[in-house]
>>> print(open('structure.tsv').read())   # TSV, C-alpha atoms
chain	number	residue	atom	x	y	z
A	1	MET	CA	111.18	70.17	140.05
A	2	ARG	CA	111.31	71.92	143.41
A	3	ARG	CA	107.95	73.50	142.63
A	4	MET	CA	106.45	70.07	141.93
A	5	VAL	CA	107.75	68.77	145.27
A	6	TYR	CA	106.22	71.72	147.11
A	7	LEU	CA	102.93	71.17	145.29
A	8	ALA	CA	102.91	67.47	146.19
A	9	ILE	CA	103.58	68.29	149.87
A	10	LEU	CA	100.78	70.88	149.81
A	11	LEU	CA	98.32	68.38	148.31
A	12	VAL	CA	99.21	65.79	150.94
A	13	PHE	CA	98.73	68.39	153.70
A	14	ILE	CA	95.33	69.41	152.30
A	15	SER	CA	94.17	65.80	151.98
A	16	VAL	CA	95.26	65.01	155.55
A	17	SER	CA	93.57	68.17	156.85
A	18	LYS	CA	90.34	67.29	155.06
A	19	ALA	CA	90.41	63.76	156.40
A	20	THR	CA	90.91	65.15	159.90
A	21	VAL	CA	88.22	67.82	159.72
A	22	PHE	CA	85.63	66.38	157.41
A	23	GLY	CA	85.94	62.88	158.84
A	24	ALA	CA	84.04	64.29	161.83
A	25	ASP	CA	80.55	64.27	160.40
A	26	VAL	CA	76.96	63.13	160.92
A	27	LYS	CA	74.87	62.05	157.95
A	28	PHE	CA	71.15	61.36	157.81
A	29	HIS	CA	70.54	57.75	156.73
A	30	LYS	CA	66.80	57.09	156.81
A	31	GLU	CA	63.54	57.52	158.71
A	32	VAL	CA	61.57	54.50	159.89
A	33	PRO	CA	58.06	54.47	161.43
A	34	LEU	CA	57.13	52.79	164.72
A	35	VAL	CA	54.45	50.18	164.12
A	36	SER	CA	52.36	48.79	166.96
A	37	LYS	CA	48.97	47.54	168.03
A	38	ASP	CA	46.84	49.42	170.56
A	39	ASN	CA	48.67	48.08	173.63
A	40	GLY	CA	52.02	49.01	172.12
A	41	LYS	CA	51.15	52.53	171.02
A	42	LEU	CA	53.40	55.09	172.66
A	43	GLY	CA	52.02	57.88	174.82
A	44	LYS	CA	54.58	60.28	176.29
A	45	VAL	CA	58.28	59.52	175.91
A	46	VAL	CA	61.24	61.42	177.39
A	47	ASP	CA	64.07	58.92	176.84
A	48	PHE	CA	64.96	55.58	175.24
A	49	CYS	CA	67.93	53.25	174.73
A	50	THR	CA	68.98	50.20	172.73
A	51	THR	CA	70.39	46.76	173.55
A	52	GLU	CA	73.38	45.06	171.96
A	53	ASP	CA	71.11	43.06	169.64
A	54	GLY	CA	68.95	45.89	168.39
A	55	ILE	CA	66.00	45.94	170.80
A	56	PHE	CA	64.69	49.46	171.50
A	57	LEU	CA	63.62	50.02	175.12
A	58	ILE	CA	61.18	52.95	175.30
A	59	PRO	CA	59.68	53.94	178.68
A	60	ASP	CA	56.11	55.21	178.34
A	61	TYR	CA	55.60	57.92	180.95
A	62	LEU	CA	51.81	57.82	180.74
A	63	ALA	CA	51.20	54.09	180.30
A	64	GLY	CA	53.52	53.10	183.17
A	65	ASP	CA	55.48	50.49	181.25
A	66	VAL	CA	58.48	49.99	178.97
A	67	LYS	CA	57.77	49.11	175.36
A	68	LEU	CA	60.11	46.88	173.39
A	69	TYR	CA	60.50	47.55	169.68
A	70	GLU	CA	62.67	45.76	167.13
A	71	GLN	CA	63.66	46.74	163.61
A	72	SER	CA	61.89	44.66	161.00
A	73	GLY	CA	62.37	45.67	157.38
A	74	GLU	CA	61.77	49.40	157.08
A	75	ALA	CA	59.98	49.82	160.41
A	76	LEU	CA	60.38	49.44	164.16
A	77	VAL	CA	57.79	46.90	165.26
A	78	PHE	CA	56.33	46.56	168.78
A	79	ARG	CA	57.13	43.25	170.51
A	80	LYS	CA	56.00	43.40	174.14
A	81	ASN	CA	55.56	45.47	177.30
A	82	VAL	CA	57.79	45.31	180.38
A	83	GLY	CA	55.92	46.12	183.59
A	84	SER	CA	52.53	47.74	184.06
A	85	LYS	CA	51.14	50.86	185.70
A	86	GLY	CA	50.56	50.80	189.45
A	87	TYR	CA	52.17	50.85	192.88
A	88	ASP	CA	52.35	47.09	193.45
A	89	PRO	CA	55.68	45.22	193.29
A	90	GLY	CA	56.91	45.02	189.72
A	91	GLN	CA	54.74	47.91	188.58
A	92	LEU	CA	55.70	51.42	187.48
A	93	VAL	CA	54.08	54.82	187.89
A	94	LYS	CA	55.87	57.28	185.61
A	95	PRO	CA	58.87	55.57	183.96
A	96	ALA	CA	61.10	58.16	182.32
A	97	PHE	CA	64.89	58.06	181.91
A	98	CYS	CA	66.84	54.92	181.15
A	99	SER	CA	70.09	53.40	179.92
A	100	PHE	CA	71.35	49.97	178.92
A	101	ASN	CA	74.80	48.66	179.82
A	102	LYS	CA	75.74	46.33	176.96
A	103	ARG	CA	78.76	44.85	178.69
A	104	GLU	CA	76.84	43.94	181.85
A	105	SER	CA	73.54	43.38	180.01
A	106	LYS	CA	71.69	45.50	182.58
A	107	PHE	CA	68.81	47.90	182.07
A	108	VAL	CA	68.51	50.95	184.37
A	109	LEU	CA	65.20	52.80	184.69
A	110	LEU	CA	64.10	55.86	186.67
A	111	ASP	CA	60.45	55.90	187.77
A	112	MET	CA	59.62	59.57	188.31
A	113	GLY	CA	56.40	58.61	190.09
A	114	THR	CA	58.22	56.89	192.95
A	115	ARG	CA	61.68	58.51	192.59
A	116	ARG	CA	63.15	55.02	192.39
A	117	ILE	CA	65.88	53.87	190.02
A	118	TYR	CA	65.37	50.19	189.19
A	119	PHE	CA	67.91	47.70	187.85
A	120	TYR	CA	66.88	44.91	185.50
A	121	ASP	CA	68.86	41.76	184.72
A	122	ARG	CA	68.48	40.36	181.26
A	123	PHE	CA	67.76	36.71	180.49
A	124	GLY	CA	67.36	35.92	176.82
A	125	ARG	CA	66.58	38.24	173.96
A	126	ASP	CA	63.65	40.13	175.42
A	127	GLU	CA	63.39	39.13	179.08
A	128	PHE	CA	64.05	41.84	181.67
A	129	VAL	CA	63.65	40.97	185.36
A	130	ARG	CA	64.23	43.35	188.26
A	131	GLU	CA	67.32	42.59	190.28
A	132	ARG	CA	66.59	41.19	193.74
A	133	LEU	CA	68.52	40.50	196.93
A	134	GLY	CA	68.79	37.03	198.42
A	135	ASN	CA	65.86	37.83	200.73
A	136	GLY	CA	63.68	38.65	197.73
A	137	ASN	CA	63.72	42.42	198.18
A	138	GLU	CA	64.19	44.47	195.04
A	139	VAL	CA	67.41	46.39	194.48
A	140	TYR	CA	66.72	50.03	193.74
A	141	ALA	CA	68.28	53.42	194.33
A	142	LYS	CA	66.38	56.37	195.71
A	143	CYS	CA	66.60	59.44	193.51
A	144	PRO	CA	66.65	62.38	195.95
A	145	LYS	CA	65.57	65.18	193.58
A	146	GLY	CA	65.48	65.50	189.81
A	147	ALA	CA	67.38	63.21	187.44
A	148	TYR	CA	67.68	63.47	183.68
A	149	ASN	CA	70.50	61.21	182.54
A	150	LEU	CA	71.63	57.82	183.87
A	151	GLN	CA	74.62	55.69	183.01
A	152	LEU	CA	75.80	52.44	184.59
A	153	VAL	CA	79.55	51.79	184.56
A	154	GLY	CA	80.53	48.61	186.39
A	155	ASP	CA	79.14	48.90	189.91
A	156	LYS	CA	78.65	52.67	189.74
A	157	LEU	CA	75.52	54.44	188.63
A	158	PHE	CA	76.17	57.98	187.36
A	159	VAL	CA	73.32	60.51	187.49
A	160	ALA	CA	72.87	63.99	186.05
A	161	GLY	CA	70.26	65.69	188.22
A	162	HIS	CA	69.65	67.68	191.38
A	163	THR	CA	70.70	66.49	194.80
A	164	VAL	CA	71.48	68.30	198.05
A	165	SER	CA	74.28	67.65	200.52
A	166	ASP	CA	75.29	69.83	203.49
A	167	GLY	CA	73.22	72.70	202.16
A	168	GLU	CA	74.92	72.63	198.74
A	169	PHE	CA	73.16	71.77	195.48
A	170	TYR	CA	74.83	69.36	193.07
A	171	GLU	CA	74.08	68.44	189.47
A	172	PHE	CA	76.27	65.36	188.95
A	173	TYR	CA	76.83	62.44	191.29
A	174	SER	CA	77.24	58.67	191.43
A	175	MET	CA	76.01	55.83	193.64
A	176	ASN	CA	77.76	52.54	194.39
A	177	LEU	CA	75.54	49.56	193.62
A	178	ASN	CA	77.42	47.34	196.06
A	179	GLU	CA	76.30	49.63	198.87
A	180	LEU	CA	72.73	49.19	197.70
A	181	ARG	CA	73.04	45.42	197.54
A	182	ASN	CA	74.85	45.05	200.86
A	183	GLY	CA	73.10	47.73	202.90
A	184	ASN	CA	69.71	47.84	204.55
A	185	SER	CA	68.91	51.24	203.04
A	186	MET	CA	68.31	51.92	199.38
A	187	GLU	CA	69.59	55.45	199.78
A	188	ALA	CA	73.31	55.00	199.18
A	189	ARG	CA	75.43	58.02	200.05
A	190	PRO	CA	76.13	59.67	196.69
A	191	ARG	CA	79.59	60.62	195.56
A	192	LEU	CA	79.33	64.27	194.53
A	193	TYR	CA	81.10	65.82	191.56
A	194	LEU	CA	79.72	69.15	190.32
A	195	LYS	CA	77.98	71.91	192.25
A	196	SER	CA	75.07	73.69	190.62
A	197	ASN	CA	76.77	77.06	190.56
A	198	GLU	CA	79.68	75.61	188.61
A	199	MET	CA	77.54	75.38	185.49
A	200	TYR	CA	74.65	77.82	185.86
A	201	LEU	CA	75.27	81.46	185.05
A	202	ILE	CA	74.87	82.70	188.62
A	203	ASN	CA	77.12	84.31	191.18
A	204	LYS	CA	79.01	81.61	193.06
A	205	SER	CA	78.23	83.26	196.38
A	206	GLU	CA	74.51	82.82	195.85
A	207	ASN	CA	72.42	79.85	196.89
A	208	PHE	CA	71.29	77.82	193.88
A	209	VAL	CA	67.56	78.20	194.52
A	210	GLU	CA	67.89	81.93	195.14
A	211	GLY	CA	69.96	82.17	191.98
A	212	ILE	CA	67.28	80.46	189.95
A	213	GLU	CA	64.65	82.84	191.33
A	214	ASP	CA	66.78	85.96	191.07
A	215	LYS	CA	68.27	85.28	187.66
A	216	HIS	CA	65.24	83.38	186.36
A	217	LEU	CA	67.38	80.71	184.77
A	218	ALA	CA	64.53	78.24	185.05
A	219	VAL	CA	63.05	79.96	182.00
A	220	ILE	CA	65.91	78.48	179.94
A	221	GLY	CA	65.82	75.02	181.51
A	222	VAL	CA	67.75	73.05	184.11
A	223	ARG	CA	68.47	69.80	182.28
A	224	ASN	CA	72.02	68.50	181.96
A	225	TYR	CA	73.68	65.95	179.67
A	226	PHE	CA	76.79	63.82	180.05
A	227	ASP	CA	78.64	60.89	178.54
A	228	ILE	CA	81.67	58.91	179.70
A	229	ALA	CA	84.75	58.12	177.62
A	230	GLY	CA	87.30	55.99	179.49
A	231	ASN	CA	87.62	57.45	182.96
A	232	VAL	CA	86.38	60.92	182.05
A	233	ALA	CA	82.80	62.19	182.14
A	234	TYR	CA	81.99	65.09	179.82
A	235	PHE	CA	79.17	67.22	181.21
A	236	VAL	CA	77.18	70.14	179.78
A	237	TRP	CA	74.19	72.26	180.85
A	238	MET	CA	71.53	72.92	178.21
A	239	GLY	CA	71.87	76.69	178.59
A	240	ASN	CA	75.63	77.16	178.19
A	241	LEU	CA	78.04	75.90	175.56
A	242	ARG	CA	80.76	74.91	178.03
A	243	VAL	CA	81.81	71.32	178.70
A	244	ILE	CA	83.15	70.26	182.12
A	245	LYS	CA	85.42	67.21	182.46
A	246	VAL	CA	85.34	65.00	185.57
A	247	ASP	CA	87.66	62.11	186.37
A	248	ILE	CA	85.23	59.44	187.57
A	249	VAL	CA	87.96	57.53	189.42
A	250	SER	CA	89.38	60.38	191.52
A	251	GLY	CA	86.22	62.50	191.44
A	252	ALA	CA	88.28	65.57	190.54
A	253	LYS	CA	87.41	68.10	187.88
A	254	VAL	CA	90.14	67.78	185.28
A	255	GLY	CA	89.28	70.74	183.11
A	256	ASN	CA	86.62	72.36	180.98
A	257	PHE	CA	86.47	73.90	177.57
A	258	PRO	CA	84.27	76.64	176.12
A	259	GLY	CA	82.30	75.62	173.07
A	260	LYS	CA	82.72	77.26	169.70
A	261	LYS	CA	80.04	79.93	169.49
A	262	THR	CA	79.58	79.97	165.74
A	263	MET	CA	77.25	82.25	163.79
A	264	ASN	CA	74.56	79.55	164.18
A	265	TYR	CA	74.65	79.62	167.99
A	266	ILE	CA	72.67	82.23	169.97
A	267	GLN	CA	73.66	82.25	173.65
A	268	PRO	CA	70.54	81.84	175.88
A	269	TYR	CA	69.78	84.80	178.11
A	270	PRO	CA	66.83	85.27	180.51
A	271	SER	CA	65.42	88.42	178.95
A	272	ARG	CA	62.50	90.27	180.52
A	273	GLU	CA	60.25	89.12	177.65
A	274	LEU	CA	61.19	85.48	178.23
A	275	ILE	CA	60.71	85.76	182.00
A	276	ASP	CA	57.29	87.40	181.66
A	277	ALA	CA	56.15	84.79	179.14
A	278	PHE	CA	57.39	82.00	181.42
A	279	TYR	CA	55.28	83.13	184.38
A	280	ARG	CA	52.23	83.96	182.28
A	281	MET	CA	52.13	80.63	180.44
A	282	ARG	CA	50.59	78.95	183.47
A	283	VAL	CA	47.52	81.14	182.91
A	284	SER	CA	46.73	80.73	179.22
A	285	GLY	CA	47.62	78.73	176.15
A	286	GLU	CA	48.40	81.92	174.27
A	287	ALA	CA	51.03	82.85	176.86
A	288	ARG	CA	52.52	79.36	176.54
A	289	ASP	CA	52.87	79.83	172.78
A	290	ASN	CA	54.50	83.20	173.39
A	291	TYR	CA	56.99	81.62	175.80
A	292	PHE	CA	58.13	79.05	173.26
A	293	LYS	CA	58.29	81.78	170.63
A	294	GLU	CA	60.65	83.81	172.85
A	295	LYS	CA	62.68	80.74	173.79
A	296	GLY	CA	62.89	79.85	170.10
A	297	LYS	CA	65.07	82.93	169.57
A	298	LEU	CA	67.85	81.17	171.50
A	299	SER	CA	70.00	78.07	171.06
A	300	ILE	CA	69.55	75.21	173.52
A	301	ILE	CA	71.92	72.26	174.04
A	302	ARG	CA	69.97	69.10	173.24
A	303	ASP	CA	72.50	66.34	174.03
A	304	LEU	CA	76.13	65.30	174.35
A	305	PHE	CA	77.81	62.07	173.19
A	306	THR	CA	81.34	60.72	173.06
A	307	THR	CA	83.10	58.47	170.56
A	308	SER	CA	86.61	57.05	170.69
A	309	LYS	CA	87.86	60.33	169.20
A	310	TYR	CA	85.29	63.05	169.75
A	311	VAL	CA	82.91	64.83	172.06
A	312	ILE	CA	79.74	65.64	170.09
A	313	VAL	CA	77.48	68.45	171.30
A	314	ILE	CA	74.11	68.91	169.60
A	315	TYR	CA	72.15	72.13	169.88
A	316	GLU	CA	68.82	73.35	168.55
A	317	GLY	CA	67.62	76.79	167.50
A	318	PRO	CA	67.11	79.59	167.03
A	319	TYR	CA	63.83	78.88	165.26
A	320	LYS	CA	62.79	80.58	162.04
A	321	ASP	CA	59.11	81.47	161.52
A	322	GLY	CA	58.21	79.12	164.37
A	323	LYS	CA	60.07	76.18	162.85
A	324	SER	CA	63.27	74.55	163.99
A	325	GLU	CA	65.55	74.86	160.99
A	326	ASN	CA	68.79	74.96	162.91
A	327	PHE	CA	70.05	71.74	164.46
A	328	GLN	CA	73.84	71.60	164.61
A	329	ALA	CA	76.29	68.90	165.73
A	330	GLN	CA	79.64	70.18	166.98
A	331	PHE	CA	82.67	67.90	167.12
A	332	TYR	CA	85.48	68.43	169.63
A	333	SER	CA	88.55	66.36	170.34
A	334	LEU	CA	88.51	64.60	173.71
A	335	GLY	CA	90.95	67.29	174.81
A	336	GLY	CA	88.47	70.02	173.94
A	337	LYS	CA	89.73	71.33	170.59
A	338	PHE	CA	86.96	72.39	168.21
A	339	VAL	CA	87.01	70.27	165.05
A	340	ASN	CA	83.86	70.79	163.04
A	341	GLU	CA	80.21	71.90	163.04
A	342	VAL	CA	77.73	70.23	160.71
A	343	PRO	CA	73.96	70.52	160.20
A	344	PHE	CA	71.90	67.85	161.93
A	345	ARG	CA	68.50	66.73	160.71
A	346	GLY	CA	66.51	67.08	163.90
A	347	ARG	CA	62.99	68.02	164.88
A	348	PRO	CA	61.65	70.06	167.79
A	349	GLU	CA	61.51	68.07	171.02
A	350	SER	CA	63.01	64.97	169.39
A	351	ILE	CA	64.74	62.57	171.81
A	352	MET	CA	68.21	61.29	170.97
A	353	HIS	CA	70.25	58.21	171.73
A	354	PHE	CA	73.74	57.35	170.48
A	355	ASP	CA	74.85	53.76	169.89
A	356	ARG	CA	78.61	54.04	170.27
A	357	ASP	CA	79.34	50.51	169.04
A	358	LYS	CA	77.39	50.93	165.82
A	359	LYS	CA	78.21	54.66	165.47
A	360	ILE	CA	74.54	55.42	164.90
A	361	LEU	CA	72.65	58.38	166.31
A	362	TYR	CA	68.91	57.77	166.73
A	363	SER	CA	66.37	60.56	167.04
A	364	LEU	CA	62.81	59.69	168.12
A	365	SER	CA	60.25	62.18	166.83
A	366	LYS	CA	56.51	62.61	167.22
A	367	SER	CA	54.33	64.06	164.48
A	368	GLU	CA	51.38	66.41	164.96
A	369	LYS	CA	49.12	63.38	164.51
A	370	GLY	CA	50.81	61.66	167.46
A	371	GLU	CA	52.68	59.13	165.33
A	372	TYR	CA	56.27	58.27	166.21
A	373	SER	CA	59.15	57.66	163.84
A	374	MET	CA	62.91	57.17	164.21
A	375	LEU	CA	65.45	59.29	162.35
A	376	ILE	CA	68.65	57.30	161.85
A	377	HIS	CA	71.99	59.07	161.40
A	378	LYS	CA	75.49	57.70	160.89
A	379	ILE	CA	78.48	59.18	162.70
A	380	PHE	CA	81.75	59.35	160.78
A	381	GLU	CA	85.13	59.64	162.44
>>> encode(input="structure.tsv", output="structure tokens")
Amino acid sequence: MRRMVYLAILLVFISVSKATVFGADVKFHKEVPLVSKDNGKLGKVVDFCTTEDGIFLIPDYLAGDVKLYEQSGEALVFRKNVGSKGYDPGQLVKPAFCSFNKRESKFVLLDMGTRRIYFYDRFGRDEFVRERLGNGNEVYAKCPKGAYNLQLVGDKLFVAGHTVSDGEFYEFYSMNLNELRNGNSMEARPRLYLKSNEMYLINKSENFVEGIEDKHLAVIGVRNYFDIAGNVAYFVWMGNLRVIKVDIVSGAKVGNFPGKKTMNYIQPYPSRELIDAFYRMRVSGEARDNYFKEKGKLSIIRDLFTTSKYVIVIYEGPYKDGKSENFQAQFYSLGGKFVNEVPFRGRPESIMHFDRDKKILYSLSKSEKGEYSMLIHKIFE
């Protein structure tokens, strides 16, 4: 009898453990093509986002507009363009990174051609109009250097990208939209969170630029990813599996946690071969191929997302025979405890977006023929 009780307790423990561990999972659901006419055909895309009612907003870097797609049956179908290419009011030059705040129904867009971050109000299902002041002037933020990720929370715009203040380089900052609306200048003083040398593998006594040149970290990449859960931003650099936590209310760093370096993960390192290939690739196409071959021997962080329970870090590589056969999604608790690592059906250079409300992870991919399709994955907690 006692043995049966012990066995029952053991079975309960195993079932609970499995529910805890294997509940953290990502499963491929389906792939859908993007269908459009000539004026809706995508050129170069580096980011996209979705609205609360299923509209896909996809900035086209080359065309200078934002394309709206909507799911219809087993395809994403083009609906209309927002904006047009040019330097006149209302036009765009090189639209790139974006986000959509579902609660505020606002669309945020970075135009790399002008370094401006524009804010769009939404009226109706597919109407997006740039926000303006009472005097008719557009509301926009000036992006001082590079920017790769944007997220609007209330009246604060959070940016992952390079900015300089008092001779120091920073990779994560925010701007207050009320300052933009109420001030005469569109360059609001940013609130700074993370210095560059807090995430790059360089000596803290070195200047960031010198560190990049000396250590050649640019050969790995300088893009960063973040997502916000509650009052905490979780931030990661693409070249290091370490997540930094920032309290967005106080601005203080509230911890960090090293990622689980499993047998699938190969820590990036600027080897001599990679450095040489990086500098030679500007000369010939063959050198460019060699650079990506060398870089393909490493693992690169591709994105970071948060759910109500988890921090999800996705990495790519190393490649095998020139093909990316190793996409992995790692699940951590919000406190930083490693939970699970599962294979992720990704493709090289695919662009990801996570819909937290629907618990769906989208991955936009481009074929060798230049045709786009969307890989749809479901997140399980």
>>> residues_around(input="structure.tsv", residues="Lys293 in chain A", least_positions_apart="3", cutoff="12 Å", atoms="only C-alpha atoms", output="PDB file with C-alpha atoms, keeping the file's coordinate frame")
ATOM      1  CA  GLU A 273      60.250  89.120 177.650  1.00  0.00           C
ATOM      2  CA  LEU A 274      61.190  85.480 178.230  1.00  0.00           C
ATOM      3  CA  ALA A 277      56.150  84.790 179.140  1.00  0.00           C
ATOM      4  CA  PHE A 278      57.390  82.000 181.420  1.00  0.00           C
ATOM      5  CA  MET A 281      52.130  80.630 180.440  1.00  0.00           C
ATOM      6  CA  GLU A 286      48.400  81.920 174.270  1.00  0.00           C
ATOM      7  CA  ALA A 287      51.030  82.850 176.860  1.00  0.00           C
ATOM      8  CA  ARG A 288      52.520  79.360 176.540  1.00  0.00           C
ATOM      9  CA  ASP A 289      52.870  79.830 172.780  1.00  0.00           C
ATOM     10  CA  ASN A 290      54.500  83.200 173.390  1.00  0.00           C
ATOM     11  CA  GLY A 296      62.890  79.850 170.100  1.00  0.00           C
ATOM     12  CA  LYS A 297      65.070  82.930 169.570  1.00  0.00           C
ATOM     13  CA  LEU A 298      67.850  81.170 171.500  1.00  0.00           C
ATOM     14  CA  GLY A 317      67.620  76.790 167.500  1.00  0.00           C
ATOM     15  CA  PRO A 318      67.110  79.590 167.030  1.00  0.00           C
ATOM     16  CA  TYR A 319      63.830  78.880 165.260  1.00  0.00           C
ATOM     17  CA  LYS A 320      62.790  80.580 162.040  1.00  0.00           C
ATOM     18  CA  ASP A 321      59.110  81.470 161.520  1.00  0.00           C
ATOM     19  CA  GLY A 322      58.210  79.120 164.370  1.00  0.00           C
ATOM     20  CA  LYS A 323      60.070  76.180 162.850  1.00  0.00           C
ATOM     21  CA  SER A 324      63.270  74.550 163.990  1.00  0.00           C
TER      22      SER A 324
END
>>> residues_around(input="structure.tsv", residues="Leu361 in chain A", least_positions_apart="2", cutoff="9 Å", atoms="all atoms listed in the file", output="PDB file with C-alpha atoms, keeping the file's coordinate frame")
ATOM      1  CA  VAL A  26      76.960  63.130 160.920  1.00  0.00           C
ATOM      2  CA  MET A 352      68.210  61.290 170.970  1.00  0.00           C
ATOM      3  CA  HIS A 353      70.250  58.210 171.730  1.00  0.00           C
ATOM      4  CA  PHE A 354      73.740  57.350 170.480  1.00  0.00           C
ATOM      5  CA  ASP A 355      74.850  53.760 169.890  1.00  0.00           C
ATOM      6  CA  ARG A 356      78.610  54.040 170.270  1.00  0.00           C
ATOM      7  CA  LYS A 358      77.390  50.930 165.820  1.00  0.00           C
ATOM      8  CA  LYS A 359      78.210  54.660 165.470  1.00  0.00           C
ATOM      9  CA  SER A 363      66.370  60.560 167.040  1.00  0.00           C
ATOM     10  CA  LEU A 375      65.450  59.290 162.350  1.00  0.00           C
ATOM     11  CA  ILE A 376      68.650  57.300 161.850  1.00  0.00           C
ATOM     12  CA  HIS A 377      71.990  59.070 161.400  1.00  0.00           C
ATOM     13  CA  LYS A 378      75.490  57.700 160.890  1.00  0.00           C
ATOM     14  CA  ILE A 379      78.480  59.180 162.700  1.00  0.00           C
TER      15      ILE A 379
END
>>> atom_distance(input="structure.tsv", atom1="CA of Phe78 in chain A", atom2="CA of Ser36 in chain A")
4.9 Å
>>> closest_residue(input="structure.tsv", among="A:Asn81, A:Asn340, A:Asn176, A:Asn231", to="Ile58 in chain A", atoms="all atoms listed in the file")
A:Asn81
>>> closest_residue(input="structure.tsv", among="A:Ile312, A:Met199, A:Cys98, A:Ala147", to="Glu341 in chain A", atoms="only C-alpha atoms")
A:Ile312
>>> residues_around(input="structure.tsv", residues="Lys102 in chain A", least_positions_apart="3", cutoff="7 Å", atoms="all atoms listed in the file", output="ChimeraX atom specification")
/A:51-52,105-106
>>> residues_near_point(input="structure.tsv", point="(75.2, 72.9, 178.8)", cutoff="12 Å", atoms="only C-alpha atoms", output="NGL selection string")
:A and (160 or 171 or 196 or 198-201 or 220-226 or 234-244 or 256-259 or 267-268 or 299-304 or 313-315)
>>> residues_around(input="structure.tsv", residues="Phe107 in chain A", least_positions_apart="4", cutoff="10 Å", atoms="only C-alpha atoms", output="JSON, numbers by chain")
{"A": [49, 50, 51, 57, 98, 99, 100, 101, 102, 118, 119, 120, 121, 122, 128, 129, 130, 131, 151, 152]}
>>> closest_residue(input="structure.tsv", among="A:Pro270, A:Gly23, A:Gly285, A:Gly43", to="Tyr372 in chain A", atoms="all atoms listed in the file")
A:Gly43
>>> atom_distance(input="structure.tsv", atom1="CA of Cys143 in chain A", atom2="CA of Leu42 in chain A")
25.1 Å
>>> closest_residue(input="structure.tsv", among="A:Leu192, A:Val283, A:Leu177, A:Ile275", to="Val246 in chain A", atoms="all atoms listed in the file")
A:Leu192
>>> atom_distance(input="structure.tsv", atom1="CA of Pro59 in chain A", atom2="CA of Lys94 in chain A")
8.6 Å
>>> residues_around(input="structure.tsv", residues="Phe158 in chain A", least_positions_apart="6", cutoff="9 Å", atoms="all atoms listed in the file", output="compact mmCIF listing (two decimals) with C-alpha atoms, in the coordinates of the input")
# COMPACT_ATOMS: atom_id res chain seq x y z
CA ASN A 149 70.50 61.21 182.54
CA LEU A 150 71.63 57.82 183.87
CA GLN A 151 74.62 55.69 183.01
CA LEU A 152 75.80 52.44 184.59
CA PHE A 172 76.27 65.36 188.95
CA TYR A 173 76.83 62.44 191.29
CA SER A 174 77.24 58.67 191.43
CA MET A 175 76.01 55.83 193.64
>>> closest_residue(input="structure.tsv", among="A:Asn178, A:Ser84, A:Gln330, A:Gln91", to="Thr262 in chain A", atoms="only C-alpha atoms")
A:Gln330
>>> closest_residue(input="structure.tsv", among="A:Glu179, A:Glu168, A:Asp88, A:Glu127", to="Val139 in chain A", atoms="only C-alpha atoms")
A:Glu179
>>> build_atoms(input="structure.tsv", residues="range 313-321 of chain A", atoms="N, CA, C and O atoms", output="PDB file, in the coordinates of the input")
ATOM      1  N   VAL A 313      78.501  67.642 170.641  1.00  0.00           N
ATOM      2  CA  VAL A 313      77.480  68.450 171.300  1.00  0.00           C
ATOM      3  C   VAL A 313      76.450  68.852 170.256  1.00  0.00           C
ATOM      4  O   VAL A 313      76.804  69.397 169.203  1.00  0.00           O
ATOM      5  N   ILE A 314      75.181  68.574 170.534  1.00  0.00           N
ATOM      6  CA  ILE A 314      74.110  68.910 169.600  1.00  0.00           C
ATOM      7  C   ILE A 314      73.254  70.022 170.196  1.00  0.00           C
ATOM      8  O   ILE A 314      72.862  69.953 171.358  1.00  0.00           O
ATOM      9  N   TYR A 315      73.023  71.063 169.408  1.00  0.00           N
ATOM     10  CA  TYR A 315      72.150  72.130 169.880  1.00  0.00           C
ATOM     11  C   TYR A 315      71.064  72.435 168.848  1.00  0.00           C
ATOM     12  O   TYR A 315      71.180  72.125 167.665  1.00  0.00           O
ATOM     13  N   GLU A 316      70.001  73.044 169.352  1.00  0.00           N
ATOM     14  CA  GLU A 316      68.820  73.350 168.550  1.00  0.00           C
ATOM     15  C   GLU A 316      68.509  74.831 168.632  1.00  0.00           C
ATOM     16  O   GLU A 316      68.670  75.451 169.682  1.00  0.00           O
ATOM     17  N   GLY A 317      68.052  75.402 167.525  1.00  0.00           N
ATOM     18  CA  GLY A 317      67.620  76.790 167.500  1.00  0.00           C
ATOM     19  C   GLY A 317      68.753  77.738 167.146  1.00  0.00           C
ATOM     20  O   GLY A 317      69.903  77.344 167.073  1.00  0.00           O
ATOM     21  N   PRO A 318      68.448  79.006 166.889  1.00  0.00           N
ATOM     22  CA  PRO A 318      67.110  79.590 167.030  1.00  0.00           C
ATOM     23  C   PRO A 318      66.150  79.131 165.935  1.00  0.00           C
ATOM     24  O   PRO A 318      66.575  78.682 164.878  1.00  0.00           O
ATOM     25  N   TYR A 319      64.845  79.252 166.231  1.00  0.00           N
ATOM     26  CA  TYR A 319      63.830  78.880 165.260  1.00  0.00           C
ATOM     27  C   TYR A 319      63.682  79.987 164.206  1.00  0.00           C
ATOM     28  O   TYR A 319      64.083  81.127 164.423  1.00  0.00           O
ATOM     29  N   LYS A 320      63.077  79.612 163.104  1.00  0.00           N
ATOM     30  CA  LYS A 320      62.790  80.580 162.040  1.00  0.00           C
ATOM     31  C   LYS A 320      61.338  80.421 161.650  1.00  0.00           C
ATOM     32  O   LYS A 320      60.920  79.331 161.244  1.00  0.00           O
ATOM     33  N   ASP A 321      60.551  81.498 161.813  1.00  0.00           N
ATOM     34  CA  ASP A 321      59.110  81.470 161.520  1.00  0.00           C
ATOM     35  C   ASP A 321      58.413  80.344 162.267  1.00  0.00           C
ATOM     36  O   ASP A 321      57.535  79.659 161.735  1.00  0.00           O
TER      37      ASP A 321
END
